[in-house]
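What follows is the content of final.cif, which has mmCIF, C-alpha atoms:
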data_protein
#
loop_
_atom_site.label_atom_id
_atom_site.label_comp_id
_atom_site.auth_asym_id
_atom_site.auth_seq_id
_atom_site.Cartn_x
_atom_site.Cartn_y
_atom_site.Cartn_z
CA LEU A 477 -80.60 -5.46 -133.71
CA PRO A 478 -78.50 -5.79 -130.58
CA VAL A 479 -79.96 -5.13 -127.17
CA ALA A 480 -80.38 -1.41 -126.45
CA THR A 481 -80.99 -0.57 -130.09
CA SER A 482 -84.09 1.48 -130.73
CA ILE A 483 -86.80 -0.09 -132.84
CA LEU A 484 -89.62 1.78 -134.57
CA ILE A 485 -93.17 0.81 -133.85
CA ASP A 486 -95.47 2.59 -136.27
CA ALA A 487 -99.15 1.82 -135.85
CA THR A 488 -100.03 3.56 -139.10
CA LYS A 489 -98.61 0.69 -141.14
CA THR A 490 -100.62 -2.50 -141.58
CA ALA A 491 -97.53 -4.42 -142.60
CA PRO A 492 -94.89 -5.22 -139.96
CA LEU A 493 -91.39 -3.83 -140.29
CA PRO A 494 -89.30 -6.44 -138.47
CA ALA A 495 -85.60 -6.80 -138.99
CA PRO A 496 -84.75 -10.50 -138.95
CA THR A 497 -82.80 -10.15 -135.75
CA GLU A 498 -82.49 -11.44 -132.24
CA SER A 499 -84.46 -8.44 -130.95
CA SER A 500 -86.97 -8.36 -133.80
CA THR A 501 -89.93 -6.02 -133.58
CA PRO A 502 -93.05 -8.14 -132.95
CA PRO A 503 -96.04 -8.13 -135.32
CA ASP A 504 -97.78 -4.84 -135.88
CA PRO A 505 -100.26 -4.14 -133.05
CA THR A 506 -102.98 -3.11 -135.49
CA GLU A 507 -103.34 -6.71 -136.59
CA THR A 508 -105.51 -9.21 -134.74
CA HIS A 509 -103.65 -12.13 -133.25
CA THR A 510 -105.47 -15.22 -132.03
CA PRO A 511 -103.63 -17.12 -129.30
CA PRO A 512 -102.89 -20.76 -130.17
CA SER A 513 -104.64 -23.64 -128.51
CA PRO A 514 -103.13 -24.72 -125.19
CA SER A 515 -100.04 -26.80 -125.80
CA PRO A 516 -96.85 -27.73 -123.97
CA ILE A 517 -94.09 -25.18 -123.66
CA PRO A 518 -91.78 -26.03 -126.56
CA THR A 519 -88.04 -26.20 -126.72
CA LEU A 520 -85.89 -28.50 -128.80
CA GLY A 521 -85.36 -31.71 -126.89
CA CYS A 522 -88.27 -31.05 -124.52
CA THR A 523 -90.51 -34.04 -123.83
CA PRO A 524 -93.94 -32.67 -122.88
CA GLN A 525 -95.56 -34.53 -120.03
CA SER A 526 -98.81 -32.58 -119.85
CA THR A 527 -100.65 -29.91 -121.74
CA PHE A 528 -100.75 -26.41 -120.31
CA LEU A 529 -104.22 -25.49 -119.16
CA PRO A 530 -105.33 -22.46 -117.13
CA THR A 531 -105.85 -24.66 -114.08
CA GLN A 532 -102.75 -26.77 -114.53
CA SER A 533 -99.04 -26.01 -114.37
CA PRO A 534 -96.88 -26.98 -117.34
CA ALA A 535 -94.54 -29.89 -117.12
CA PRO A 536 -90.98 -29.14 -116.03
CA VAL A 537 -88.91 -28.01 -118.97
CA SER A 538 -86.07 -30.26 -120.07
CA ILE A 539 -83.70 -28.46 -122.40
CA GLN A 540 -80.89 -30.05 -124.34
CA ALA A 541 -78.82 -26.96 -125.01
CA ALA A 542 -75.47 -26.17 -123.49
CA VAL A 543 -74.43 -22.71 -122.33
CA THR A 544 -70.83 -21.60 -122.56
CA THR A 545 -69.10 -19.74 -119.75
CA GLN A 546 -69.76 -16.53 -121.70
CA GLY A 547 -73.50 -17.20 -121.60
CA VAL A 548 -73.82 -18.17 -125.28
CA VAL A 549 -76.48 -20.77 -126.01
CA GLN A 550 -75.27 -23.70 -128.12
CA GLY A 551 -78.38 -25.25 -129.62
CA ARG A 552 -81.72 -24.35 -131.11
CA ILE A 553 -84.34 -22.55 -129.05
CA LEU A 554 -87.90 -22.58 -130.38
CA PRO A 555 -90.33 -19.76 -129.57
CA SER A 556 -93.26 -20.40 -127.27
CA PRO A 557 -96.69 -20.87 -128.85
CA TYR A 558 -97.77 -18.01 -126.60
CA LEU A 559 -96.92 -14.44 -127.50
CA VAL A 560 -96.05 -13.11 -124.04
CA PRO A 561 -93.13 -15.45 -123.22
CA THR A 562 -91.82 -15.08 -126.76
CA TYR A 563 -91.84 -11.26 -126.50
CA ALA A 564 -90.10 -11.55 -123.14
CA ARG A 565 -87.53 -13.99 -124.63
CA ALA A 566 -88.33 -16.48 -121.89
CA PRO A 567 -87.57 -19.64 -123.93
CA ILE A 568 -83.94 -18.54 -124.24
CA ALA A 569 -83.78 -17.88 -120.50
CA TRP A 570 -85.05 -21.40 -119.72
CA VAL A 571 -81.69 -22.78 -120.79
CA ARG A 572 -80.30 -21.34 -117.57
CA SER A 573 -83.34 -20.99 -115.31
CA THR A 574 -86.96 -22.11 -115.15
CA GLY A 575 -87.73 -20.58 -111.76
CA GLN A 576 -87.18 -23.80 -109.84
CA GLY A 577 -87.38 -23.28 -106.08
CA ILE A 578 -88.83 -19.75 -106.29
CA THR A 579 -92.31 -18.73 -105.16
CA VAL A 580 -94.06 -15.70 -106.60
CA THR A 581 -96.56 -14.29 -104.12
CA VAL A 582 -99.43 -12.35 -105.71
CA THR A 583 -102.02 -10.03 -104.18
CA ARG A 584 -105.02 -11.63 -105.78
CA ASN A 585 -108.16 -9.69 -104.95
CA HIS A 586 -109.83 -10.26 -108.31
CA SER A 587 -110.14 -13.12 -110.78
CA GLU A 588 -106.88 -12.71 -112.67
CA ASP A 589 -105.40 -15.82 -114.27
CA LEU A 590 -102.16 -16.15 -112.34
CA THR A 591 -100.85 -18.89 -114.63
CA LEU A 592 -99.28 -16.14 -116.75
CA VAL A 593 -96.41 -16.43 -114.25
CA LYS A 594 -96.02 -20.08 -115.28
CA LEU A 595 -95.72 -19.14 -118.93
CA ILE A 596 -92.62 -17.14 -118.00
CA ALA A 597 -91.21 -19.25 -115.16
CA PRO A 598 -92.66 -22.76 -115.64
CA ASP A 599 -91.09 -24.26 -112.51
CA ALA A 600 -91.84 -21.40 -110.12
CA GLN A 601 -94.60 -21.69 -107.57
CA ILE A 602 -97.49 -19.23 -107.23
CA GLN A 603 -98.88 -18.17 -103.88
CA PRO A 604 -102.03 -16.02 -104.05
CA LEU A 605 -102.81 -13.78 -101.10
CA THR A 606 -106.13 -12.08 -100.47
CA LEU A 607 -105.57 -8.82 -98.58
CA ASP A 608 -107.99 -6.32 -97.12
CA ARG A 609 -107.70 -2.63 -97.87
CA GLN A 610 -105.23 -2.20 -94.99
CA MET A 611 -102.96 -4.83 -96.57
CA ARG A 612 -103.67 -7.44 -93.92
CA VAL A 613 -104.05 -11.18 -94.40
CA ALA A 614 -106.77 -12.45 -92.06
CA GLY A 615 -105.95 -9.57 -89.71
CA THR A 616 -102.15 -9.98 -89.87
CA PRO A 617 -100.16 -7.15 -91.49
CA LEU A 618 -98.61 -8.13 -94.80
CA LEU A 619 -95.13 -7.25 -93.55
CA ASP A 620 -95.44 -9.80 -90.75
CA VAL A 621 -96.78 -12.45 -93.15
CA ALA A 622 -93.85 -11.81 -95.48
CA LYS A 623 -91.35 -12.31 -92.68
CA GLN A 624 -93.10 -15.45 -91.39
CA GLN A 625 -93.32 -17.04 -94.83
CA ARG A 626 -89.97 -15.73 -96.09
CA ILE A 627 -91.53 -14.15 -99.14
CA ARG A 628 -89.00 -12.91 -101.68
CA LEU A 629 -91.15 -11.84 -104.63
CA LEU A 630 -94.47 -10.00 -104.35
CA ALA A 631 -96.60 -8.88 -107.30
CA VAL A 632 -99.17 -6.20 -106.50
CA ILE A 633 -101.72 -6.54 -109.29
CA GLU A 634 -104.12 -3.71 -108.49
CA PRO A 635 -102.63 -0.91 -106.34
CA SER A 636 -105.99 0.86 -106.01
CA ASP A 637 -107.27 -2.07 -103.92
CA PHE A 638 -105.36 -0.70 -100.95
CA ASP A 639 -105.35 2.39 -98.79
CA PRO A 640 -102.81 4.75 -100.42
CA GLN A 641 -101.09 5.63 -97.17
CA ILE A 642 -100.83 1.99 -96.08
CA LEU A 643 -99.42 1.17 -99.50
CA ARG A 644 -96.84 3.96 -99.14
CA GLU A 645 -95.73 2.55 -95.79
CA THR A 646 -95.89 -1.20 -96.49
CA VAL A 647 -94.18 -1.53 -99.87
CA PRO A 648 -90.87 0.18 -98.95
CA ALA A 649 -90.89 -1.71 -95.65
CA LEU A 650 -91.23 -4.97 -97.57
CA ASN A 651 -88.37 -3.93 -99.81
CA ARG A 652 -86.13 -3.24 -96.82
CA ALA A 653 -87.11 -6.63 -95.41
CA GLY A 654 -85.77 -8.38 -98.51
CA VAL A 655 -88.99 -8.63 -100.52
CA ALA A 656 -88.79 -7.50 -104.16
CA VAL A 657 -92.09 -5.78 -104.90
CA PHE A 658 -93.48 -5.63 -108.44
CA ILE A 659 -96.38 -3.27 -108.95
CA ASN A 660 -98.58 -2.36 -111.90
CA GLY A 661 -97.75 1.28 -112.49
CA ASP A 662 -100.25 2.50 -115.08
CA LEU A 663 -103.70 1.24 -114.13
CA SER A 664 -105.06 4.04 -111.97
CA ASP A 665 -106.65 7.34 -112.81
CA GLY A 666 -105.91 10.57 -111.00
CA SER A 667 -102.84 12.32 -109.72
CA GLU A 668 -102.99 10.87 -106.19
CA GLU A 669 -102.65 7.25 -107.37
CA ARG A 670 -99.98 8.26 -109.86
CA ASP A 671 -98.00 10.05 -107.15
CA VAL A 672 -98.22 6.98 -104.91
CA ILE A 673 -96.77 4.76 -107.64
CA ASN A 674 -93.96 7.23 -108.31
CA ALA A 675 -93.14 7.38 -104.60
CA LEU A 676 -93.06 3.59 -104.38
CA GLU A 677 -90.68 3.42 -107.33
CA ALA A 678 -88.38 5.90 -105.62
CA ASN A 679 -88.44 3.63 -102.55
CA GLY A 680 -87.39 0.48 -104.35
CA ALA A 681 -90.53 -0.98 -105.93
CA ILE A 682 -90.25 -2.32 -109.49
CA THR A 683 -92.96 -0.53 -111.45
CA VAL A 684 -94.40 -2.17 -114.54
CA GLY A 685 -96.20 -0.74 -117.57
CA ARG A 686 -98.37 -2.57 -120.09
CA LEU A 687 -97.64 -3.40 -123.71
CA LYS A 688 -100.51 -4.74 -125.75
CA TYR A 689 -99.24 -7.45 -128.13
CA GLY A 690 -95.82 -6.72 -126.68
CA VAL A 691 -95.40 -3.41 -128.53
CA ARG A 692 -98.33 -1.03 -128.05
CA ILE A 693 -98.10 1.02 -124.86
CA GLN A 694 -101.25 1.13 -122.74
CA GLY A 695 -101.83 3.43 -119.81
CA ARG A 696 -102.82 6.83 -118.52
CA ASP A 697 -100.69 9.91 -117.89
CA ILE A 698 -97.81 7.82 -119.15
CA TYR A 699 -95.41 10.74 -119.40
CA GLN A 700 -95.82 11.52 -115.70
CA ARG A 701 -95.25 8.00 -114.44
CA GLN A 702 -91.99 6.51 -113.22
CA ILE A 703 -92.20 3.10 -114.84
CA ASN A 704 -89.11 0.88 -114.79
CA LEU A 705 -90.14 -1.83 -117.24
CA PHE A 706 -92.85 -2.49 -119.78
CA ALA A 707 -94.13 -5.98 -120.57
CA ALA A 708 -96.69 -7.79 -122.68
CA TYR A 709 -99.72 -8.97 -120.74
CA GLY A 710 -101.75 -11.02 -123.19
CA ALA A 711 -102.27 -12.13 -126.74
CA ASP A 712 -105.66 -10.61 -127.47
CA THR A 713 -108.14 -8.00 -126.27
CA THR A 714 -109.77 -10.41 -123.82
CA ALA A 715 -106.58 -10.81 -121.77
CA SER A 716 -106.54 -9.13 -118.38
CA ASP A 717 -104.79 -5.78 -118.66
CA ARG A 718 -103.46 -6.31 -115.14
CA GLY A 719 -101.15 -9.11 -116.27
CA ALA A 720 -98.02 -7.13 -117.16
CA VAL A 721 -96.80 -7.24 -113.56
CA LEU A 722 -97.10 -11.04 -113.61
CA THR A 723 -94.88 -11.20 -116.68
CA VAL A 724 -92.12 -9.20 -115.00
CA ALA A 725 -92.51 -11.04 -111.70
CA GLY A 726 -92.04 -14.29 -113.62
CA VAL A 727 -88.79 -12.93 -115.05
CA GLY A 728 -87.80 -11.98 -111.51
CA ALA A 729 -88.33 -15.60 -110.50
CA LEU A 730 -86.03 -16.75 -113.30
CA VAL A 731 -83.33 -14.36 -112.12
CA LEU A 732 -83.57 -15.33 -108.46
CA ALA A 733 -83.48 -19.03 -109.33
CA ALA A 734 -80.27 -18.41 -111.28
CA THR A 735 -78.75 -16.01 -108.71
CA PRO A 736 -80.40 -16.62 -105.31
CA THR A 737 -78.17 -14.13 -103.46
CA LEU A 738 -79.56 -11.02 -105.17
CA ASN A 739 -81.27 -8.56 -102.85
CA PRO A 740 -84.24 -6.45 -104.07
CA PRO A 741 -82.18 -3.42 -105.19
CA ALA A 742 -79.76 -5.64 -107.10
CA LEU A 743 -82.63 -7.56 -108.72
CA LYS A 744 -84.26 -4.30 -109.80
CA GLN A 745 -81.01 -3.01 -111.25
CA GLN A 746 -80.39 -6.23 -113.17
CA LEU A 747 -83.87 -6.29 -114.70
CA ILE A 748 -83.60 -2.68 -115.85
CA ALA A 749 -80.03 -2.92 -117.10
CA THR A 750 -80.75 -5.98 -119.27
CA ALA A 751 -84.06 -4.80 -120.73
CA ASP A 752 -84.46 -3.88 -124.41
CA LEU A 753 -84.31 -0.12 -124.95
CA MET A 754 -87.05 0.76 -127.40
CA TYR A 755 -89.12 3.71 -128.56
CA THR A 756 -92.47 4.19 -130.16
CA GLY A 757 -93.40 6.23 -133.20
CA VAL A 758 -96.95 6.40 -131.89
CA ASP A 759 -97.89 8.79 -129.11
CA PRO A 760 -98.74 6.53 -126.15
CA VAL A 761 -101.46 8.87 -124.92
CA THR A 762 -103.30 9.64 -128.16
CA ASN A 763 -102.34 6.46 -130.06
CA LEU A 764 -101.66 8.67 -133.07
CA SER A 765 -98.58 8.40 -135.23
CA SER A 766 -96.03 11.01 -134.24
CA GLY A 767 -93.90 12.09 -137.18
CA SER A 768 -91.63 14.07 -134.88
CA ALA A 769 -90.77 10.94 -132.89
CA ARG A 770 -88.41 9.50 -135.48
CA VAL A 771 -86.31 10.40 -138.46
CA MET A 772 -85.61 8.25 -141.49
CA ASP A 773 -82.36 8.10 -143.41
CA GLN A 774 -83.31 8.84 -147.02
CA GLN A 775 -80.51 6.65 -148.36
CA THR A 776 -80.95 3.54 -146.24
CA GLY A 777 -84.50 3.70 -144.95
CA ASP A 778 -83.29 3.14 -141.40
CA PHE A 779 -85.24 4.80 -138.59
CA SER A 780 -83.85 6.40 -135.45
CA PRO A 781 -85.59 8.21 -132.59
CA THR A 782 -85.64 11.93 -132.00
CA SER A 783 -85.66 13.73 -128.68
CA SER A 784 -89.47 13.78 -128.76
CA ALA A 785 -89.76 9.98 -129.00
CA PHE A 786 -91.17 8.12 -126.00
CA GLN A 787 -88.44 5.66 -125.02
CA PHE A 788 -89.01 2.72 -122.73
CA ARG A 789 -87.46 -0.55 -121.57
CA ARG A 790 -89.12 -3.87 -122.37
CA VAL A 791 -88.27 -6.71 -120.02
CA ASN A 792 -85.85 -9.27 -121.46
CA ALA A 793 -85.77 -12.59 -119.63
CA ALA A 794 -82.76 -13.95 -121.53
CA GLY A 795 -80.69 -10.87 -120.85
CA ALA A 796 -81.78 -10.85 -117.22
CA VAL A 797 -80.32 -14.31 -116.60
CA GLY A 798 -77.22 -13.61 -118.69
CA VAL A 799 -77.68 -15.80 -121.75
CA HIS A 800 -77.84 -14.99 -125.44
CA LEU A 801 -77.79 -16.78 -128.76
CA ALA A 802 -74.77 -17.08 -130.99
CA GLU A 803 -77.09 -16.16 -133.88
CA ARG A 804 -80.24 -14.10 -134.03
CA TRP A 805 -83.26 -15.96 -132.73
CA PRO A 806 -85.16 -16.50 -136.04
CA LEU A 807 -81.99 -17.90 -137.60
CA ASN A 808 -81.34 -20.06 -134.56
CA ALA A 809 -84.89 -21.46 -134.56
CA LEU A 810 -84.71 -22.26 -138.30
CA ASN A 811 -81.34 -23.97 -137.77
CA VAL A 812 -79.87 -21.72 -140.44
CA PRO A 813 -76.28 -21.79 -139.09
CA THR A 814 -76.18 -25.53 -139.74
CA ALA A 815 -77.45 -24.99 -143.29
CA TRP A 816 -74.67 -22.44 -143.90
CA LYS A 817 -72.14 -25.26 -143.64
CA THR A 818 -73.59 -26.56 -146.90
CA ALA A 819 -75.04 -23.50 -148.66
CA THR A 820 -75.33 -19.74 -148.20
CA GLY A 821 -77.40 -18.88 -151.25
CA ARG A 822 -74.44 -18.11 -153.47
CA GLY A 823 -75.32 -18.29 -157.17
CA VAL A 824 -79.07 -17.99 -156.58
CA ILE A 825 -81.01 -14.92 -157.66
CA VAL A 826 -83.96 -14.01 -155.43
CA GLY A 827 -86.64 -11.65 -156.64
CA VAL A 828 -88.40 -9.50 -154.03
CA ILE A 829 -91.71 -7.97 -155.14
CA ASP A 830 -92.75 -5.08 -152.94
CA ALA A 831 -94.04 -1.52 -152.92
CA GLY A 832 -90.63 0.15 -152.74
CA PHE A 833 -86.99 -0.22 -151.72
CA TYR A 834 -83.92 1.68 -150.64
CA PRO A 835 -81.39 0.12 -153.04
CA ASP A 836 -78.54 2.15 -151.49
CA ASN A 837 -78.94 0.40 -148.18
CA PRO A 838 -75.45 -0.97 -147.46
CA ILE A 839 -76.83 -4.40 -146.63
CA LEU A 840 -78.50 -4.68 -150.03
CA LYS A 841 -76.09 -2.79 -152.25
CA ASP A 842 -73.48 -5.48 -152.87
CA HIS A 843 -76.17 -8.09 -153.60
CA LEU A 844 -78.23 -6.07 -156.04
CA VAL A 845 -78.05 -7.25 -159.65
CA ASP A 846 -81.14 -5.56 -161.12
CA MET A 847 -84.25 -3.51 -160.44
CA PHE A 848 -87.64 -3.27 -162.09
CA PRO A 849 -88.79 -0.86 -163.31
CA LYS A 850 -85.53 0.86 -164.20
CA GLN A 851 -86.52 4.38 -163.23
CA ALA A 852 -85.76 5.83 -159.83
CA PHE A 853 -88.28 4.98 -157.13
CA SER A 854 -90.73 7.72 -156.25
CA GLU A 855 -91.66 9.14 -152.87
CA GLU A 856 -95.09 7.52 -153.06
CA GLN A 857 -93.61 4.08 -152.62
CA HIS A 858 -93.55 2.30 -149.28
CA PHE A 859 -89.75 2.17 -149.08
CA PRO A 860 -89.13 0.65 -145.62
CA HIS A 861 -91.18 -2.51 -146.03
CA GLY A 862 -89.54 -3.74 -149.23
CA THR A 863 -86.11 -2.92 -147.84
CA VAL A 864 -86.74 -4.98 -144.71
CA MET A 865 -88.15 -7.89 -146.71
CA ALA A 866 -85.00 -7.94 -148.87
CA LYS A 867 -82.82 -7.78 -145.75
CA THR A 868 -84.76 -10.75 -144.38
CA VAL A 869 -83.82 -12.81 -147.43
CA LEU A 870 -80.14 -11.98 -146.91
CA ALA A 871 -80.31 -12.78 -143.20
CA VAL A 872 -81.13 -16.38 -144.10
CA ALA A 873 -79.18 -16.61 -147.37
CA PRO A 874 -76.33 -14.12 -146.90
CA ASP A 875 -74.68 -14.76 -150.29
CA ALA A 876 -77.81 -14.64 -152.45
CA SER A 877 -78.24 -12.06 -155.22
CA LEU A 878 -81.29 -9.80 -155.42
CA VAL A 879 -83.59 -8.42 -158.07
CA LEU A 880 -85.84 -5.76 -156.55
CA LEU A 881 -89.22 -5.68 -158.26
CA HIS A 882 -91.54 -2.77 -157.62
CA ASP A 883 -95.24 -3.39 -158.03
CA SER A 884 -97.90 -0.73 -158.02
CA ASN A 885 -98.54 0.83 -154.63
CA VAL A 886 -102.14 1.77 -155.41
CA ASP A 887 -105.56 0.48 -154.45
CA ASP A 888 -106.63 0.04 -158.07
CA TYR A 889 -106.63 -3.74 -158.47
CA ALA A 890 -106.44 -3.63 -162.24
CA THR A 891 -103.26 -1.56 -162.11
CA MET A 892 -101.92 -3.69 -159.26
CA ALA A 893 -102.57 -6.91 -161.14
CA ARG A 894 -100.87 -5.64 -164.28
CA SER A 895 -97.76 -4.46 -162.41
CA GLU A 896 -97.60 -7.70 -160.41
CA ALA A 897 -97.71 -9.80 -163.56
CA GLU A 898 -95.12 -7.59 -165.27
CA ALA A 899 -92.80 -7.91 -162.27
CA ILE A 900 -93.11 -11.69 -162.29
CA ASP A 901 -92.40 -11.92 -166.00
CA TYR A 902 -89.39 -9.65 -165.64
CA ALA A 903 -88.09 -11.89 -162.86
CA ILE A 904 -88.36 -14.88 -165.20
CA GLN A 905 -86.31 -13.05 -167.84
CA GLN A 906 -83.58 -12.27 -165.29
CA GLY A 907 -83.16 -15.88 -164.20
CA VAL A 908 -84.76 -15.47 -160.78
CA ARG A 909 -85.05 -18.86 -159.04
CA VAL A 910 -86.91 -17.76 -155.90
CA LEU A 911 -89.62 -15.12 -155.83
CA THR A 912 -91.25 -13.58 -152.78
CA SER A 913 -94.08 -11.09 -152.44
CA SER A 914 -94.90 -10.05 -148.88
CA ASN A 915 -96.17 -6.52 -149.18
CA LYS A 916 -99.97 -6.83 -149.18
CA SER A 917 -102.86 -8.73 -150.72
CA TRP A 918 -102.00 -8.96 -154.39
CA ALA A 919 -104.68 -8.87 -157.02
CA ASN A 920 -106.24 -12.33 -157.24
CA THR A 921 -106.71 -12.30 -160.99
CA PRO A 922 -106.21 -14.77 -163.86
CA GLU A 923 -103.33 -12.74 -165.30
CA VAL A 924 -101.42 -12.86 -162.01
CA HIS A 925 -102.04 -16.59 -161.67
CA ALA A 926 -100.89 -17.11 -165.24
CA ALA A 927 -97.67 -15.22 -164.50
CA ILE A 928 -97.10 -17.37 -161.43
CA ASP A 929 -97.65 -20.50 -163.51
CA ARG A 930 -95.09 -19.27 -166.03
#

Structure rendered as structure tokens:
Amino acid sequence: LPVATSILIDATKTAPLPAPTESSTPPDPTETHTPPSPSPIPTLGCTPQSTFLPTQSPAPVSIQAAVTTQGVVQGRILPSPYLVPTYARAPIAWVRSTGQGITVTVTRNHSEDLTLVKLIAPDAQIQPLTLDRQMRVAGTPLLDVAKQQRIRLLAVIEPSDFDPQILRETVPALNRAGVAVFINGDLSDGSEERDVINALEANGAITVGRLKYGVRIQGRDIYQRQINLFAAYGADTTASDRGAVLTVAGVGALVLAATPTLNPPALKQQLIATADLMYTGVDPVTNLSSGSARVMDQQTGDFSPTSSAFQFRRVNAAGAVGVHLAERWPLNALNVPTAWKTATGRGVIVGVIDAGFYPDNPILKDHLVDMFPKQAFSEEQHFPHGTVMAKTVLAVAPDASLVLLHDSNVDDYATMARSEAEAIDYAIQQGVRVLTSSNKSWANTPEVHAAIDR
């Protein structure tokens, strides 16, 4: 999906519904994701010089990928092993900027792991400041410190650490003095704190909301808050929920390193204008699925938001520095465009076993050679997932043919096993060469294994 296309996030489904696109929806937030072991930030052609540890900055990133004058990346870009920079599309941005020469100043009054900034902007510097409640550093007002040290980026992690009135006065003054202020906008309880954040946003601050796993909105009174950007803050439930502002501040460092002349209002405008416009099918306050938030096309299975959907902007580091891929990121990372010079899947029949499909989807229609069973699909089937899985096949092999194979969408394993085996045998009869089943745990039975062996 191109930037500014709405994407459904439906927490009621245990299977993800990603389109295989440059702006793919991340994994479903109901799943548990374990962050990988610390490892160097990866990009094709990067020679790691040190491992990334919480107490150690990553090695400078060396990227062998050219960028055209139109901002198109020529070369493969691998995702980060960490979820947050991947959601923020930071590895693509590193082709143009790694934050070199920029310092991110952070109000660190707690024990937050500030190295999250380094995951986004690996060559930026981090300057922690410990402030008292009056926003003074060892007795000196923060505004004076900012002028003395020529601070350009300031991340306010916990707004409730400071006197509300002092915060109201200091943040806009910093903004006028050339300091871009990033502030967590959805941590506090109560109307007073919420009103302070809204006032700061109106006076130039960049307010940040939290996205767990990059997709699930966190926060209180979210409908009443003026939040400019949302960002992932960690890969699991142990991550500090104050980290979203560090993610966006890291993107700010990338932008300033690429365009040092931007003033705070221009930086804010650029971050907002280049963010991914999204919406959620889950009410962000109750965390319950909201059927009124989206509508589904009964012919194609495509979702679109309604007026009741909560729409938001997720920070996009690549867009913020003005670069994009010639192909969608999964295809770029798999080096599929190079493979297309030799083969596109033409002449190969792929069987997709799933719980339901929309065969009239225009992307699938011209590739469809058969379906099993023959009867029309019923409303009980999980249409969207099978449709997206089939579209994923065609994203990689655009000239392949498809046989759509419906298995039983029930929890009775005996019935599931029988339908799975029947679908596999039908695929054999139709000359299917590649078979994929991605819908859910299939029945682990001898008859299914025998069908796979056949």

Chain and number of each residue from the PyMOL selection byres ((chain A and resi 797) around 7), as a ChimeraX atom specification: /A:569,731,734,793-796,798-799

Restrict the calculation to all atoms listed in the file, then for each residue of stretch 680-756 of chain A with any atom at most 9 Å from an atom of stretch 558-564 of chain A give the closest atom pair and their distance in Å to one decimal, rows by chain and rising residue number, as CSV.
residue,atom,partner,partner_atom,distance
A:Tyr689,CA,A:Leu559,CA,7.4
A:Gly690,CA,A:Tyr563,CA,6.0
A:Val691,CA,A:Tyr563,CA,8.9
A:Ala707,CA,A:Ala564,CA,7.3
A:Ala708,CA,A:Val560,CA,5.5
A:Tyr709,CA,A:Val560,CA,6.4
A:Gly710,CA,A:Val560,CA,6.1
A:Ala711,CA,A:Leu559,CA,5.9
A:Thr723,CA,A:Val560,CA,7.7
A:Val724,CA,A:Ala564,CA,8.7
A:Val727,CA,A:Ala564,CA,8.3

Assuming the chain letters and numbering stay as they are in my file, what does the PyMOL selection byres ((chain A and resi 651-659) around 6) actually select? List them as a PyMOL selection string. chain A and resi 628-632+648-650+660-661+681-683+740

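With all atoms listed in the file as the basis for measurement, A:Val791 is the residue among A:Val791, A:Ile900, A:Ile748, A:Val647 that approaches A:Leu687 most closely.
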
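Atom CA of A:Phe859 lies 20.2 Å from atom CA of A:Tyr889.
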
Selection under test: the PyMOL selection byres ((chain A and resi 912) around 9); residues as a ChimeraX atom specification: /A:826-830,865,910-911,913-914

Selected residues written out with C-alpha atoms, as a PDB file, in the coordinates of the input:
ATOM      1  CA  VAL A 826     -83.960 -14.010-155.430  1.00  0.00           C
ATOM      2  CA  GLY A 827     -86.640 -11.650-156.640  1.00  0.00           C
ATOM      3  CA  VAL A 828     -88.400  -9.500-154.030  1.00  0.00           C
ATOM      4  CA  ILE A 829     -91.710  -7.970-155.140  1.00  0.00           C
ATOM      5  CA  ASP A 830     -92.750  -5.080-152.940  1.00  0.00           C
ATOM      6  CA  MET A 865     -88.150  -7.890-146.710  1.00  0.00           C
ATOM      7  CA  VAL A 910     -86.910 -17.760-155.900  1.00  0.00           C
ATOM      8  CA  LEU A 911     -89.620 -15.120-155.830  1.00  0.00           C
ATOM      9  CA  SER A 913     -94.080 -11.090-152.440  1.00  0.00           C
ATOM     10  CA  SER A 914     -94.900 -10.050-148.880  1.00  0.00           C
TER      11      SER A 914
END

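Across the structure, atom CA of A:Ile698 and atom CA of A:Asn763 are spaced 11.9 Å apart.
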
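Checking A:Val571, A:Ala566, A:Val758, A:Leu607 one by one against A:Gly547, counting all atoms listed in the file, you find the shortest gap at A:Val571.
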
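If all atoms listed in the file are the atoms counted, then among A:Ser780, A:Gln775, A:Gln550, A:Ser716 the closest residue to A:Pro835 is A:Gln775.
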
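Taking atom CA of A:Ala873 as the reference point, atom CA of A:Ala926 is found at 28.1 Å.
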
Residue among A:Lys744, A:Lys623, A:Arg612, A:Arg790 lying closest to A:Arg692, counting only C-alpha atoms: A:Arg790

Residues within 8 Å of A:Asn808, all atoms listed in the file, excluding chain neighbours under 6 positions, as a PyMOL selection string: chain A and resi 551-553+801

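Within 7 Å of A:Phe779, once only C-alpha atoms are used and residues closer than 4 positions along the same chain are dropped, the contacting residues are Leu484, Arg770, Val771, Met772 and Asp773 of chain A.
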
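For the set A:Thr735, A:Asp778, A:Ala871, A:Phe848, the residue with the smallest atom-to-atom gap to A:Ala899 is A:Phe848, counting all atoms listed in the file.
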
Leaving out A:Thr646 and any residue of its chain fewer than 3 positions from it, which residues lie within 10 Å of it when counting all atoms listed in the file, given as JSON, numbers by chain? {"A": [610, 611, 617, 618, 619, 640, 641, 642, 643, 649, 650, 651, 652, 676]}

Find, counting all atoms listed in the file, the residue in A:Trp570, A:Phe833, A:Phe706, A:Phe788 that gets nearest to A:Asn915. A:Phe833

Using all atoms listed in the file, determine which residues lie at most 7 Å from A:Ala802, disregarding the query and same-chain residues fewer than 2 positions distant; provide the list as a list in words. Val548, Val549, His800 and Arg804 of chain A
